[in-house]
>>> print(open('query_5.txt').read())   # compact mmCIF, C-alpha atoms
# COMPACT_ATOMS: atom_id res chain seq x y z
CA MET R 1 31.70 -23.98 -164.48
CA ASN R 2 35.28 -23.51 -163.29
CA THR R 3 36.30 -25.70 -160.34
CA LYS R 4 37.12 -22.48 -158.43
CA ASP R 5 33.41 -21.66 -158.48
CA TRP R 6 32.30 -25.02 -157.17
CA LYS R 7 30.68 -24.79 -153.76
CA ILE R 8 31.57 -27.99 -151.97
CA LEU R 9 30.73 -29.00 -148.41
CA LEU R 10 32.63 -31.90 -146.84
CA VAL R 11 31.03 -33.60 -143.82
CA ASP R 12 32.81 -36.26 -141.78
CA ASP R 13 33.59 -36.73 -138.10
CA GLU R 14 37.03 -38.13 -139.00
CA HIS R 15 38.92 -34.84 -138.64
CA GLU R 16 42.27 -35.97 -140.04
CA PHE R 17 40.68 -37.71 -143.00
CA ILE R 18 38.39 -34.91 -144.07
CA THR R 19 40.84 -32.03 -143.54
CA THR R 20 43.50 -33.89 -145.54
CA LEU R 21 40.97 -34.51 -148.29
CA ALA R 22 40.09 -30.80 -148.24
CA GLU R 23 43.77 -29.91 -148.56
CA ARG R 24 44.16 -32.23 -151.56
CA LEU R 25 41.11 -30.65 -153.22
CA GLU R 26 42.56 -27.18 -152.58
CA LEU R 27 45.73 -28.22 -154.40
CA ARG R 28 43.45 -28.97 -157.36
CA GLY R 29 41.78 -25.57 -157.28
CA ILE R 30 38.66 -26.59 -155.35
CA ASN R 31 37.98 -24.76 -152.08
CA PRO R 32 35.62 -26.82 -149.94
CA ARG R 33 34.09 -25.98 -146.59
CA VAL R 34 34.52 -28.64 -143.93
CA VAL R 35 32.25 -29.53 -141.02
CA PHE R 36 32.53 -32.46 -138.64
CA ASP R 37 28.96 -33.47 -137.79
CA GLY R 38 25.43 -33.64 -139.13
CA GLU R 39 24.12 -30.72 -137.09
CA SER R 40 26.81 -28.39 -138.46
CA ALA R 41 26.14 -29.71 -141.96
CA LEU R 42 22.48 -28.66 -141.73
CA GLU R 43 23.50 -25.22 -140.44
CA ALA R 44 26.12 -24.82 -143.18
CA VAL R 45 23.61 -25.67 -145.91
CA ALA R 46 21.05 -23.27 -144.43
CA ALA R 47 23.68 -20.50 -144.37
CA ALA R 48 25.05 -21.03 -147.88
CA GLU R 49 23.74 -23.71 -150.20
CA PRO R 50 26.57 -25.78 -151.71
CA HIS R 51 26.45 -27.39 -155.14
CA VAL R 52 27.68 -30.68 -153.75
CA MET R 53 27.83 -32.12 -150.27
CA VAL R 54 30.18 -35.03 -149.60
CA LEU R 55 28.59 -36.72 -146.61
CA ASP R 56 29.80 -39.56 -144.40
CA VAL R 57 27.07 -42.05 -143.56
CA LEU R 58 28.24 -43.13 -140.11
CA MET R 59 28.67 -40.20 -137.77
CA PRO R 60 27.85 -39.68 -134.11
CA GLY R 61 24.70 -37.59 -133.52
CA ILE R 62 22.58 -37.03 -136.60
CA LYS R 63 23.44 -39.84 -139.01
CA GLY R 64 24.36 -39.19 -142.62
CA LEU R 65 21.16 -40.65 -144.05
CA GLU R 66 19.04 -38.44 -141.78
CA VAL R 67 21.05 -35.38 -142.87
CA LEU R 68 20.46 -36.42 -146.49
CA GLU R 69 16.71 -36.78 -145.95
CA ARG R 70 16.44 -33.37 -144.29
CA ILE R 71 18.60 -31.64 -146.92
CA LYS R 72 16.55 -33.14 -149.73
CA ARG R 73 13.39 -31.70 -148.11
CA THR R 74 14.78 -28.20 -147.55
CA ASN R 75 17.39 -27.85 -150.34
CA PRO R 76 16.59 -30.36 -153.08
CA ASN R 77 19.12 -28.81 -155.48
CA VAL R 78 22.06 -29.82 -153.30
CA GLN R 79 23.66 -32.92 -154.80
CA VAL R 80 24.83 -35.37 -152.17
CA LEU R 81 27.71 -37.83 -152.53
CA LEU R 82 27.65 -40.33 -149.70
CA LEU R 83 30.78 -41.84 -148.17
CA THR R 84 30.38 -45.38 -146.92
CA GLY R 85 32.61 -48.07 -145.55
CA HIS R 86 32.94 -51.39 -147.36
CA GLY R 87 30.52 -52.98 -144.92
CA SER R 88 27.94 -50.25 -145.39
CA THR R 89 27.01 -50.54 -149.06
CA ARG R 90 23.42 -51.07 -147.97
CA ASP R 91 23.50 -47.51 -146.59
CA GLY R 92 24.77 -46.28 -149.96
CA ILE R 93 21.93 -47.98 -151.78
CA GLU R 94 19.39 -46.68 -149.25
CA GLY R 95 20.93 -43.22 -149.71
CA MET R 96 20.38 -43.40 -153.47
CA ARG R 97 16.73 -44.22 -152.78
CA LEU R 98 16.55 -41.13 -150.55
CA GLY R 99 17.90 -38.91 -153.32
CA ALA R 100 21.70 -39.06 -153.06
CA PHE R 101 23.46 -38.43 -156.37
CA ASP R 102 25.87 -41.30 -155.77
CA TYR R 103 27.89 -43.05 -153.10
CA MET R 104 31.58 -43.86 -152.77
CA MET R 105 33.47 -46.23 -150.57
CA LYS R 106 36.40 -45.23 -148.38
CA PRO R 107 39.29 -45.00 -149.02
CA LEU R 108 38.62 -42.61 -151.86
CA ASN R 109 40.25 -42.13 -155.19
CA ILE R 110 40.48 -38.34 -155.43
CA ASP R 111 40.23 -38.24 -159.22
CA THR R 112 37.04 -40.32 -159.12
CA LEU R 113 35.66 -38.04 -156.41
CA ILE R 114 36.31 -34.94 -158.53
CA GLU R 115 34.73 -36.63 -161.57
CA LYS R 116 31.63 -37.41 -159.51
CA MET R 117 31.49 -33.83 -158.21
CA ASP R 118 31.68 -32.60 -161.80
CA SER R 119 28.88 -34.96 -162.90
CA ALA R 120 26.73 -33.92 -159.92
CA ILE R 121 27.13 -30.22 -160.73
CA ASP R 122 26.42 -30.89 -164.39
CA TYR R 123 23.29 -32.84 -163.44
CA ALA R 124 22.10 -30.05 -161.12
CA ASN R 125 22.65 -27.41 -163.80
CA LYS R 126 20.72 -29.43 -166.41
CA ALA R 127 17.89 -30.07 -163.93
CA ALA R 128 17.73 -26.35 -163.11
CA ALA R 129 17.69 -25.42 -166.82
CA ALA R 130 14.92 -27.95 -167.50
CA ALA R 131 12.88 -26.61 -164.57
CA LYS R 132 13.32 -23.04 -165.85
CA LYS R 133 12.24 -24.11 -169.32
CA GLY R 134 9.18 -25.81 -167.81
CA GLU R 135 8.26 -22.63 -165.94
CA GLY R 136 8.43 -20.67 -169.17
CA LEU R 137 5.94 -22.89 -170.96
CA MET H 1 24.15 -67.41 -130.91
CA ARG H 2 23.84 -64.26 -128.82
CA ASP H 3 27.62 -64.45 -128.26
CA ALA H 4 28.24 -64.57 -132.00
CA LEU H 5 25.93 -61.62 -132.62
CA LEU H 6 27.63 -59.57 -129.90
CA MET H 7 31.10 -60.41 -131.19
CA GLY H 8 29.87 -59.61 -134.68
CA ARG H 9 28.59 -56.21 -133.64
CA LEU H 10 31.88 -55.36 -131.89
CA THR H 11 33.90 -56.58 -134.85
CA ALA H 12 31.76 -54.65 -137.34
CA SER H 13 32.29 -51.47 -135.35
CA ALA H 14 36.05 -52.12 -135.16
CA THR H 15 36.32 -52.79 -138.90
CA HIS H 16 34.53 -49.51 -139.59
CA GLU H 17 37.15 -47.75 -137.47
CA MET H 18 39.92 -49.63 -139.27
CA GLN H 19 38.54 -48.47 -142.60
CA ASN H 20 38.54 -44.87 -141.37
CA ILE H 21 42.16 -45.25 -140.23
CA LEU H 22 43.19 -46.75 -143.58
CA ALA H 23 41.30 -44.03 -145.45
CA THR H 24 43.18 -41.38 -143.45
CA ILE H 25 46.53 -43.05 -144.17
CA ARG H 26 45.63 -43.21 -147.86
CA GLU H 27 44.67 -39.50 -147.98
CA SER H 28 47.81 -38.49 -146.08
CA ALA H 29 49.98 -40.53 -148.46
CA GLY H 30 48.07 -38.97 -151.35
CA LEU H 31 48.76 -35.48 -150.00
CA MET H 32 52.48 -36.29 -149.73
CA GLU H 33 52.37 -37.53 -153.31
CA ASP H 34 50.66 -34.29 -154.42
CA ILE H 35 53.26 -32.14 -152.65
CA LEU H 36 56.06 -34.30 -154.01
CA GLY H 37 54.68 -33.82 -157.50
CA MET H 38 54.90 -30.05 -157.05
CA SER H 39 58.48 -30.04 -155.76
CA GLU H 40 59.99 -33.06 -157.49
CA GLU H 41 62.75 -31.23 -159.36
CA GLY H 42 64.21 -29.69 -156.24
CA PHE H 43 64.00 -32.83 -154.14
CA ALA H 44 66.95 -35.23 -154.24
CA HIS H 45 65.11 -38.24 -152.77
CA ALA H 46 61.94 -38.02 -154.85
CA GLU H 47 62.23 -41.54 -156.26
CA ARG H 48 62.76 -43.12 -152.83
CA PHE H 49 59.77 -41.22 -151.51
CA LYS H 50 57.63 -42.32 -154.43
CA LYS H 51 58.62 -45.92 -153.83
CA GLY H 52 57.73 -45.60 -150.15
CA LEU H 53 54.36 -44.06 -150.95
CA LYS H 54 53.62 -46.87 -153.40
CA VAL H 55 54.23 -49.39 -150.60
CA VAL H 56 51.90 -47.43 -148.32
CA ALA H 57 49.17 -47.49 -151.00
CA GLU H 58 49.60 -51.23 -151.57
CA GLN H 59 49.47 -52.00 -147.86
CA VAL H 60 46.35 -49.85 -147.46
CA GLU H 61 44.71 -51.89 -150.23
CA ARG H 62 45.73 -55.08 -148.44
CA GLY H 63 44.37 -53.78 -145.17
CA MET H 64 41.13 -52.74 -146.82
CA MET H 65 40.63 -56.20 -148.26
CA LEU H 66 41.18 -57.84 -144.89
CA SER H 67 38.94 -55.33 -143.18
CA GLU H 68 36.22 -55.97 -145.76
CA GLN H 69 36.43 -59.72 -145.20
CA LEU H 70 36.42 -59.27 -141.45
CA ASN H 71 33.38 -57.04 -141.74
CA TYR H 72 31.67 -59.77 -143.74
CA CYS H 73 32.43 -62.23 -140.92
CA ALA H 74 31.07 -59.76 -138.38
CA HIS H 75 27.70 -59.76 -140.12
CA ALA H 76 27.81 -63.48 -140.96
CA PRO H 77 25.83 -64.66 -137.91
CA GLU H 78 22.91 -62.34 -138.75
CA GLU H 79 19.75 -63.68 -140.35
CA ALA H 80 19.23 -62.25 -143.83
CA ALA H 81 15.90 -62.43 -145.64
CA ALA H 82 17.69 -63.10 -148.95
CA GLY H 83 19.90 -65.80 -147.42
CA ALA H 84 23.65 -65.96 -147.97
CA ASP H 85 25.68 -65.62 -151.16
CA VAL H 86 27.88 -68.72 -151.34
CA ASN H 87 30.62 -66.99 -153.33
CA GLU H 88 30.86 -64.10 -150.89
CA ALA H 89 31.09 -66.50 -147.96
CA ALA H 90 33.80 -68.49 -149.76
CA ARG H 91 35.73 -65.30 -150.59
CA ALA H 92 35.73 -64.17 -146.95
CA LEU H 93 36.69 -67.62 -145.69
CA VAL H 94 39.52 -68.03 -148.18
CA GLY H 95 40.79 -64.49 -147.65
CA LEU H 96 40.97 -64.86 -143.89
CA SER H 97 42.30 -68.43 -143.92
CA ARG H 98 45.23 -67.87 -146.29
CA ARG H 99 47.78 -67.33 -143.56
CA ASP H 100 46.67 -70.40 -141.59
CA ALA H 101 46.67 -72.51 -144.73
CA ALA H 102 50.12 -71.25 -145.73
CA ARG H 103 51.41 -72.38 -142.36
CA CYS H 104 50.37 -75.92 -143.40
CA ARG H 105 51.94 -75.30 -146.84
CA VAL H 106 48.56 -75.12 -148.50
CA SER H 107 47.87 -72.36 -150.98
CA LEU H 108 44.24 -71.24 -151.01
CA VAL H 109 43.01 -69.83 -154.30
CA LEU H 110 39.46 -68.80 -155.04
CA ALA H 111 38.37 -69.60 -158.57
CA PRO H 112 35.56 -67.47 -160.01
CA GLY H 113 32.30 -69.27 -159.28
CA ARG H 114 28.71 -69.00 -160.42
CA SER H 115 27.61 -65.59 -159.26
CA GLY H 116 24.33 -65.23 -157.46
CA LEU H 117 24.37 -68.73 -155.97
CA ARG H 118 22.44 -68.35 -152.74
CA THR H 119 21.35 -70.52 -149.87
CA SER H 120 18.81 -70.07 -147.08
CA LEU H 121 21.58 -70.74 -144.53
CA ARG H 122 23.18 -67.87 -142.66
CA ALA H 123 26.58 -66.81 -143.99
CA VAL H 124 28.32 -68.10 -140.86
CA GLU H 125 26.84 -71.56 -141.48
CA VAL H 126 28.06 -71.55 -145.09
CA MET H 127 31.53 -70.55 -143.88
CA CYS H 128 31.51 -73.32 -141.26
CA LEU H 129 30.46 -75.93 -143.81
CA LEU H 130 33.14 -74.84 -146.28
CA GLY H 131 35.65 -74.70 -143.44
CA LEU H 132 34.79 -78.27 -142.45
CA VAL H 133 35.10 -79.48 -146.04
CA PHE H 134 38.57 -78.02 -146.35
CA GLY H 135 39.61 -78.87 -142.81
CA LEU H 136 40.00 -75.22 -141.91
CA CYS H 137 37.92 -75.30 -138.76
CA PRO H 138 37.82 -78.85 -137.34
CA ALA H 139 36.62 -77.65 -133.96
CA VAL H 140 33.57 -75.86 -135.33
CA HIS H 141 30.22 -77.62 -135.48
CA VAL H 142 27.23 -76.45 -137.48
CA ALA H 143 24.04 -76.48 -135.44
>>> encode(input="query_5.txt", output="structure tokens")
Amino acid sequence: MNTKDWKILLVDDEHEFITTLAERLELRGINPRVVFDGESALEAVAAAEPHVMVLDVLMPGIKGLEVLERIKRTNPNVQVLLLTGHGSTRDGIEGMRLGAFDYMMKPLNIDTLIEKMDSAIDYANKAAAAAKKGEGL
Amino acid sequence: MRDALLMGRLTASATHEMQNILATIRESAGLMEDILGMSEEGFAHAERFKKGLKVVAEQVERGMMLSEQLNYCAHAPEEAAAGADVNEAARALVGLSRRDAARCRVSLVLAPGRSGLRTSLRAVEVMCLLGLVFGLCPAVHVA
């Protein structure tokens, strides 16, 4: 799949950080949607399911891990990459247990982020193909 | 003890904020680098800009390391079921004591140790004991 067709949702309450990250992704041909809290993330996923959601763990209001749990119940195909601080690796590990595809620590390396997005989309596509094959049997 | 836990909680929250600030600086510098890469030929001061951005990236790394060690200290007074990792405690202590040690013309270097060495003490107690051994915190007493 071409990066132009990737549906990416970025979720972080740090406006400057996440909008700058979005701008850098746009320069690389990826056009993400950006929301700034957990509530808006749930609404955005309900409106249009993304392939990958990049989700900050520590946000005011609904916390990242709760958003992850709810998304995995309603939209299990959405692959979630968690963003954690260096002191919050426990949240990253807990997130993996709850179904996150992976977690990354801030500050990010943009190339690594894009590689992880690519792997997440690849994983989702393979899982969908396997499920389809299973249905056909 | 309650004082230490309160200070730890405040410090942990502050280090999280610091990490967000550093992450924003890093992304902004990265964006400048991206834009510079697109317009390099027409920009007379490209090399000077690149050099400046490299310094920003290095200082962000330095800040992240300090913030990580400070965050470790913030959680050090907490009880942990698995106890404390001696190497991690030593790394945080050495990292945060370098400047003080340098003032006394002592260079602190952490040699790779046996990984996974744990103790039932809290991390703050391990740091205090190591600090006492190396004379880094003479006024601190371990309960």
>>> residues_around(input="query_5.txt", residues="Met53 in chain R", least_positions_apart="2", cutoff="6 Å", atoms="all atoms listed in the file", output="VMD selection string")
chain R and resid 8 to 10 55 80
>>> interface_residues(input="query_5.txt", of="chain R", to="chain H", cutoff="9 Å", atoms="only C-alpha atoms", output="VMD selection string")
chain R and resid 14 16 to 18 20 to 21 23 to 24 27 58 85 to 88 106 to 110
>>> residues_around(input="query_5.txt", residues="Leu130 in chain H", least_positions_apart="3", cutoff="10 Å", atoms="only C-alpha atoms", output="list in words")
Val86, Ala89, Ala90, Leu93, Val94, Val124, Glu125, Val126, Met127, Val133, Phe134, Gly135, Leu136 and Cys137 of chain H
>>> atom_distance(input="query_5.txt", atom1="CA of Arg105 in chain H", atom2="CA of Arg62 in chain H")
21.2 Å
>>> atom_distance(input="query_5.txt", atom1="CA of Gln59 in chain H", atom2="CA of Gly95 in chain H")
15.2 Å
>>> atom_distance(input="query_5.txt", atom1="CA of Asp85 in chain H", atom2="CA of Gly92 in chain R")
19.4 Å
